[in-house]
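Note sheet for the following structure.
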Amino acid sequence: MGSFPTTLRGFVKSLQDLRINSGNSVIVIVDAQNEFLKPGGKWYSETSAQIAPGVISAIRGITERARNVGIPIIYIQSVRTLKELEFTVFGREPNLELGTWGTEIVEELKPLKEDIIVHKYSHDPFFKTEFDEVLERLVPDPTKYYAIVAGGAINVCVYHTLLGFYLRNYWTVVLVDSIFYSSPSGKQTALEQLSWKAYPSIFLSRSDLVEISNISEGMQPSLIPGS
């Protein structure tokens with residue numbers, strides 16, 4: 001990949017080709033919910049209207065291909081009881097109440113029976129959830145696995161998800177055609193931050209650059225991003 005610059009401004013990592021299979025990868029879909037991706041959602045915007053169809057299509061494509069070879073699909077679903085401190089102490093306007101239409105995963109991406117759903121009650125999917133336990137059951141050695149992340153928003157919940165995987169020593173990948181955001185500037189800022197040299201095992205890719213194999217062969221050294 002070459003060397004990293006000392007400044008973040010304007011720099012975004014090159015997109016990487018990946019080869020994945022059921023022995024080296026998990027797919028994680030973050031907050032692909034009506035509230036963000038469908039008209040009538042609280043956080044649906046003009047930007048959402050422009051990008052949501054393409055994002056949904058890209059996520060659907062990668063998840064369908066991954067399921068066909070047995071790669072685990074994990075959905076992170078953002079919900080709230082409205083008793084969280086973000087509302088009761090810090091004054092955020094109530095949203096994403098458990099059981100409401102807005103929290104439902106969009107129809108095009110509905111989980112199947114074999115998929116895993118993890119509820120989160122903050123921006124961080126690892127905080128006071130079962131996510132770590134789920135991953136421990138699926139992944140014997142994070143240093144030999146890709147955590148491939150899609151969904152949104154790239155500068156909020158996906159960002160926290162990526163850093164969580166980074167801190168847990170995964171090869172961490174964000175699919176840039178499969179992420180949503182409230183503004184192009186928010187997307188750009190997040191990708192620039194993730195491209196900083198502080199995050200050597202976070203990589204950018206795109207769904208059409210991901211080759212999916214039906215042979216569970218683990219991660220070969222030649223396939224490690226940046227090698």
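By convention in this document, the chains of the structure tokens carry letters A, B, ... by their order, each chain's residues are numbered from 1, and ligands are numbered from 1 in the order they are shown.
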
Problem - Test item: residues at most 9 Å from Glu108 (chain A), only C-alpha atoms, excluding those fewer than 5 positions along its chain, as JSON, numbers by chain - result: {"A": [56, 57, 60]}

Handout entry: Contact residues around Ile179 (chain A) with only C-alpha atoms at 7 Å, ignoring same-chain residues under 2 positions, as a ChimeraX atom specification
Key = /A:55,150-154,175-177,181

Practice task
Output as a VMD selection string all residues of region 44-213 of chain A that backbone DSSP marks as strand (DSSP E).
Solution key: chain A and resid 73 to 78 116 to 120 146 to 152 171 to 180 202 to 205 210 to 212

With N, CA and C atoms retained, export the selected residues as a compact mmCIF listing (two decimals), in the first residue's frame.
```
# COMPACT_ATOMS: atom_id res chain seq x y z
N ILE A 73 -23.30 -14.08 8.99
CA ILE A 73 -23.82 -12.73 8.80
C ILE A 73 -24.35 -12.27 10.15
N ILE A 74 -23.82 -11.17 10.65
CA ILE A 74 -24.24 -10.62 11.93
C ILE A 74 -24.87 -9.26 11.69
N TYR A 75 -26.10 -9.10 12.16
CA TYR A 75 -26.78 -7.82 12.09
C TYR A 75 -26.68 -7.12 13.44
N ILE A 76 -26.21 -5.88 13.41
CA ILE A 76 -26.24 -5.04 14.60
C ILE A 76 -27.47 -4.15 14.47
N GLN A 77 -28.38 -4.25 15.43
CA GLN A 77 -29.64 -3.50 15.38
C GLN A 77 -29.67 -2.49 16.52
N SER A 78 -29.76 -1.23 16.16
CA SER A 78 -29.74 -0.15 17.14
C SER A 78 -31.14 0.06 17.71
N ILE A 116 -27.42 -13.86 12.59
CA ILE A 116 -27.34 -13.50 14.01
C ILE A 116 -27.70 -12.03 14.15
N ILE A 117 -28.52 -11.71 15.14
CA ILE A 117 -28.90 -10.32 15.42
C ILE A 117 -28.41 -9.95 16.81
N VAL A 118 -27.71 -8.84 16.91
CA VAL A 118 -27.24 -8.31 18.18
C VAL A 118 -27.87 -6.94 18.39
N HIS A 119 -28.60 -6.77 19.48
CA HIS A 119 -29.15 -5.46 19.82
C HIS A 119 -28.08 -4.63 20.53
N LYS A 120 -27.99 -3.37 20.15
CA LYS A 120 -27.10 -2.46 20.88
C LYS A 120 -27.92 -1.25 21.36
N TYR A 146 -11.03 -11.66 8.82
CA TYR A 146 -11.53 -10.37 8.38
C TYR A 146 -12.87 -10.09 9.07
N ALA A 147 -13.02 -8.92 9.64
CA ALA A 147 -14.33 -8.42 10.04
C ALA A 147 -14.74 -7.41 8.99
N ILE A 148 -15.70 -7.77 8.17
CA ILE A 148 -16.10 -6.95 7.03
C ILE A 148 -17.39 -6.23 7.41
N VAL A 149 -17.33 -4.90 7.43
CA VAL A 149 -18.39 -4.09 8.02
C VAL A 149 -19.07 -3.25 6.96
N ALA A 150 -20.41 -3.23 7.02
CA ALA A 150 -21.23 -2.40 6.14
C ALA A 150 -22.33 -1.76 6.98
N GLY A 151 -23.08 -0.86 6.36
CA GLY A 151 -24.18 -0.21 7.08
C GLY A 151 -23.85 1.24 7.39
N GLY A 152 -24.30 1.71 8.54
CA GLY A 152 -24.08 3.12 8.82
C GLY A 152 -24.30 3.48 10.28
N TRP A 171 -8.41 -8.18 11.24
CA TRP A 171 -8.22 -7.46 9.99
C TRP A 171 -9.58 -6.82 9.69
N THR A 172 -9.65 -5.53 9.80
CA THR A 172 -10.92 -4.83 9.81
C THR A 172 -11.14 -4.11 8.49
N VAL A 173 -12.29 -4.36 7.86
CA VAL A 173 -12.54 -3.87 6.50
C VAL A 173 -13.88 -3.15 6.45
N VAL A 174 -13.91 -1.97 5.84
CA VAL A 174 -15.16 -1.28 5.58
C VAL A 174 -15.40 -1.28 4.07
N LEU A 175 -16.61 -1.66 3.67
CA LEU A 175 -16.98 -1.67 2.26
C LEU A 175 -17.57 -0.31 1.90
N VAL A 176 -16.85 0.45 1.10
CA VAL A 176 -17.21 1.85 0.91
C VAL A 176 -18.47 2.04 0.06
N ASP A 177 -18.88 1.04 -0.71
CA ASP A 177 -20.13 1.15 -1.46
C ASP A 177 -21.31 0.65 -0.66
N SER A 178 -21.07 0.16 0.55
CA SER A 178 -22.11 -0.46 1.37
C SER A 178 -22.32 0.28 2.68
N ILE A 179 -21.93 1.55 2.71
CA ILE A 179 -22.08 2.37 3.91
C ILE A 179 -22.98 3.56 3.61
N PHE A 180 -23.74 3.98 4.62
CA PHE A 180 -24.54 5.19 4.46
C PHE A 180 -24.06 6.25 5.44
N ILE A 202 -6.87 -1.54 9.66
CA ILE A 202 -8.16 -1.15 9.10
C ILE A 202 -7.96 -0.85 7.62
N PHE A 203 -8.80 -1.46 6.78
CA PHE A 203 -8.67 -1.35 5.34
C PHE A 203 -9.99 -0.98 4.70
N LEU A 204 -9.91 -0.43 3.52
CA LEU A 204 -11.08 -0.08 2.72
C LEU A 204 -11.18 -1.02 1.53
N SER A 205 -12.40 -1.41 1.21
CA SER A 205 -12.63 -2.23 0.03
C SER A 205 -14.00 -1.86 -0.54
N VAL A 210 -14.49 -8.02 -3.57
CA VAL A 210 -14.43 -9.14 -2.63
C VAL A 210 -14.75 -10.44 -3.37
N GLU A 211 -13.75 -11.29 -3.46
CA GLU A 211 -13.93 -12.62 -4.03
C GLU A 211 -14.31 -13.57 -2.91
N ILE A 212 -15.38 -14.33 -3.12
CA ILE A 212 -15.87 -15.24 -2.09
C ILE A 212 -15.68 -16.68 -2.55
```

Handout entry: Spatial neighbours of region 13-23 of chain A, 10 Å, only C-alpha atoms, chain gap at least 3 places, as a ChimeraX atom specification
Key = /A:1-2,4,26,66-72,138-140,144-146,148,173-176,191-192,194-196,202-220,223-226

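Remark: for Phe36 (chain A), the closest of the candidate residues A:Gly10, A:Gly61, A:Gly102, A:Pro53 is A:Gly102 (distances computed over only C-alpha atoms).
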
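Nearest residue to Tyr170 (chain A) among A:Ser45, A:Thr189, A:Asn155, A:Ser201 is A:Ser201, counting only C-alpha atoms.
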
Practice task
Report the residues of region 63-223 of chain A whose backbone DSSP state falls under alpha helix (DSSP H), written as a VMD selection string.
Solution key: chain A and resid 63 to 68 85 to 88 131 to 138 157 to 167 184 to 194

Output N, CA and C atoms for every residue in the selection just made, as a compact mmCIF listing (two decimals), in the first residue's frame.
```
# COMPACT_ATOMS: atom_id res chain seq x y z
N THR A 63 -24.14 -10.00 1.17
CA THR A 63 -24.67 -10.95 2.16
C THR A 63 -25.18 -12.22 1.49
N GLU A 64 -25.82 -12.09 0.34
CA GLU A 64 -26.31 -13.28 -0.35
C GLU A 64 -25.16 -14.17 -0.80
N ARG A 65 -24.11 -13.56 -1.32
CA ARG A 65 -22.95 -14.36 -1.74
C ARG A 65 -22.27 -15.01 -0.54
N ALA A 66 -22.19 -14.27 0.56
CA ALA A 66 -21.53 -14.82 1.74
C ALA A 66 -22.33 -15.97 2.35
N ARG A 67 -23.64 -15.81 2.41
CA ARG A 67 -24.48 -16.89 2.96
C ARG A 67 -24.32 -18.18 2.17
N ASN A 68 -24.19 -18.04 0.88
CA ASN A 68 -24.12 -19.23 0.02
C ASN A 68 -22.93 -20.12 0.34
N LEU A 85 -28.88 7.05 29.34
CA LEU A 85 -28.41 8.35 29.82
C LEU A 85 -28.33 9.40 28.71
N GLU A 86 -28.17 8.96 27.47
CA GLU A 86 -28.13 9.94 26.38
C GLU A 86 -29.41 10.75 26.32
N PHE A 87 -30.53 10.16 26.79
CA PHE A 87 -31.80 10.87 26.84
C PHE A 87 -32.06 11.50 28.21
N THR A 88 -31.88 10.71 29.26
CA THR A 88 -32.28 11.15 30.59
C THR A 88 -31.33 12.15 31.24
N PHE A 131 -22.23 -9.08 21.88
CA PHE A 131 -21.44 -9.15 20.65
C PHE A 131 -20.11 -9.89 20.85
N ASP A 132 -19.40 -9.58 21.91
CA ASP A 132 -18.13 -10.27 22.16
C ASP A 132 -18.34 -11.77 22.29
N GLU A 133 -19.39 -12.18 23.01
CA GLU A 133 -19.66 -13.61 23.19
C GLU A 133 -19.98 -14.28 21.85
N VAL A 134 -20.76 -13.60 21.03
CA VAL A 134 -21.07 -14.13 19.69
C VAL A 134 -19.80 -14.35 18.89
N LEU A 135 -18.93 -13.37 18.88
CA LEU A 135 -17.69 -13.47 18.10
C LEU A 135 -16.77 -14.55 18.65
N GLU A 136 -16.71 -14.69 19.95
CA GLU A 136 -15.86 -15.72 20.54
C GLU A 136 -16.30 -17.12 20.10
N ARG A 137 -17.59 -17.31 19.87
CA ARG A 137 -18.09 -18.61 19.41
C ARG A 137 -17.73 -18.85 17.94
N LEU A 138 -17.63 -17.80 17.18
CA LEU A 138 -17.43 -17.93 15.74
C LEU A 138 -15.98 -17.87 15.30
N CYS A 157 -22.02 4.97 14.06
CA CYS A 157 -22.04 3.59 14.57
C CYS A 157 -21.09 2.65 13.83
N VAL A 158 -20.95 2.80 12.51
CA VAL A 158 -19.98 1.97 11.81
C VAL A 158 -18.57 2.34 12.27
N TYR A 159 -18.33 3.61 12.51
CA TYR A 159 -17.01 4.04 12.99
C TYR A 159 -16.67 3.36 14.32
N HIS A 160 -17.61 3.37 15.25
CA HIS A 160 -17.38 2.71 16.54
C HIS A 160 -17.19 1.20 16.36
N THR A 161 -17.93 0.61 15.44
CA THR A 161 -17.80 -0.82 15.18
C THR A 161 -16.41 -1.16 14.64
N LEU A 162 -15.94 -0.37 13.70
CA LEU A 162 -14.62 -0.60 13.13
C LEU A 162 -13.53 -0.49 14.18
N LEU A 163 -13.61 0.53 15.03
CA LEU A 163 -12.60 0.68 16.07
C LEU A 163 -12.68 -0.47 17.07
N GLY A 164 -13.88 -0.95 17.35
CA GLY A 164 -14.02 -2.10 18.25
C GLY A 164 -13.33 -3.33 17.70
N PHE A 165 -13.50 -3.58 16.41
CA PHE A 165 -12.81 -4.72 15.80
C PHE A 165 -11.30 -4.49 15.76
N TYR A 166 -10.90 -3.28 15.46
CA TYR A 166 -9.47 -2.97 15.45
C TYR A 166 -8.84 -3.27 16.81
N LEU A 167 -9.49 -2.83 17.88
CA LEU A 167 -8.96 -3.04 19.23
C LEU A 167 -8.96 -4.51 19.63
N PRO A 184 -21.90 13.92 2.79
CA PRO A 184 -20.63 13.51 2.18
C PRO A 184 -19.43 13.93 3.01
N SER A 185 -19.50 15.08 3.67
CA SER A 185 -18.37 15.53 4.48
C SER A 185 -18.15 14.62 5.68
N GLY A 186 -19.25 14.12 6.27
CA GLY A 186 -19.11 13.17 7.38
C GLY A 186 -18.45 11.88 6.92
N LYS A 187 -18.83 11.39 5.76
CA LYS A 187 -18.19 10.20 5.20
C LYS A 187 -16.71 10.44 4.97
N GLN A 188 -16.37 11.56 4.34
CA GLN A 188 -14.98 11.85 4.02
C GLN A 188 -14.14 11.95 5.28
N THR A 189 -14.65 12.64 6.28
CA THR A 189 -13.91 12.80 7.53
C THR A 189 -13.63 11.45 8.18
N ALA A 190 -14.64 10.57 8.19
CA ALA A 190 -14.46 9.25 8.80
C ALA A 190 -13.43 8.43 8.05
N LEU A 191 -13.50 8.43 6.73
CA LEU A 191 -12.55 7.63 5.95
C LEU A 191 -11.13 8.17 6.07
N GLU A 192 -10.99 9.48 6.16
CA GLU A 192 -9.66 10.05 6.38
C GLU A 192 -9.11 9.64 7.74
N GLN A 193 -9.95 9.67 8.76
CA GLN A 193 -9.50 9.28 10.09
C GLN A 193 -9.09 7.81 10.13
N LEU A 194 -9.88 6.95 9.49
CA LEU A 194 -9.57 5.52 9.46
C LEU A 194 -8.33 5.22 8.64
```

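For the choices A:Thr103, A:Gln33, A:Gln50, A:Asn169, the atom-to-atom distance to Thr143 (chain A) is smallest for A:Asn169 when using only C-alpha atoms.
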
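Picture a line from CA of Leu109 (chain A) to CA of Ala58 (chain A); it runs 10.5 Å.
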
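Relative to CA of Val12 (chain A), CA of Tyr44 (chain A) is found at 26.3 Å.
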
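In this model, the gap between CA of Leu96 (chain A) and CA of Arg168 (chain A) comes to 27.6 Å.
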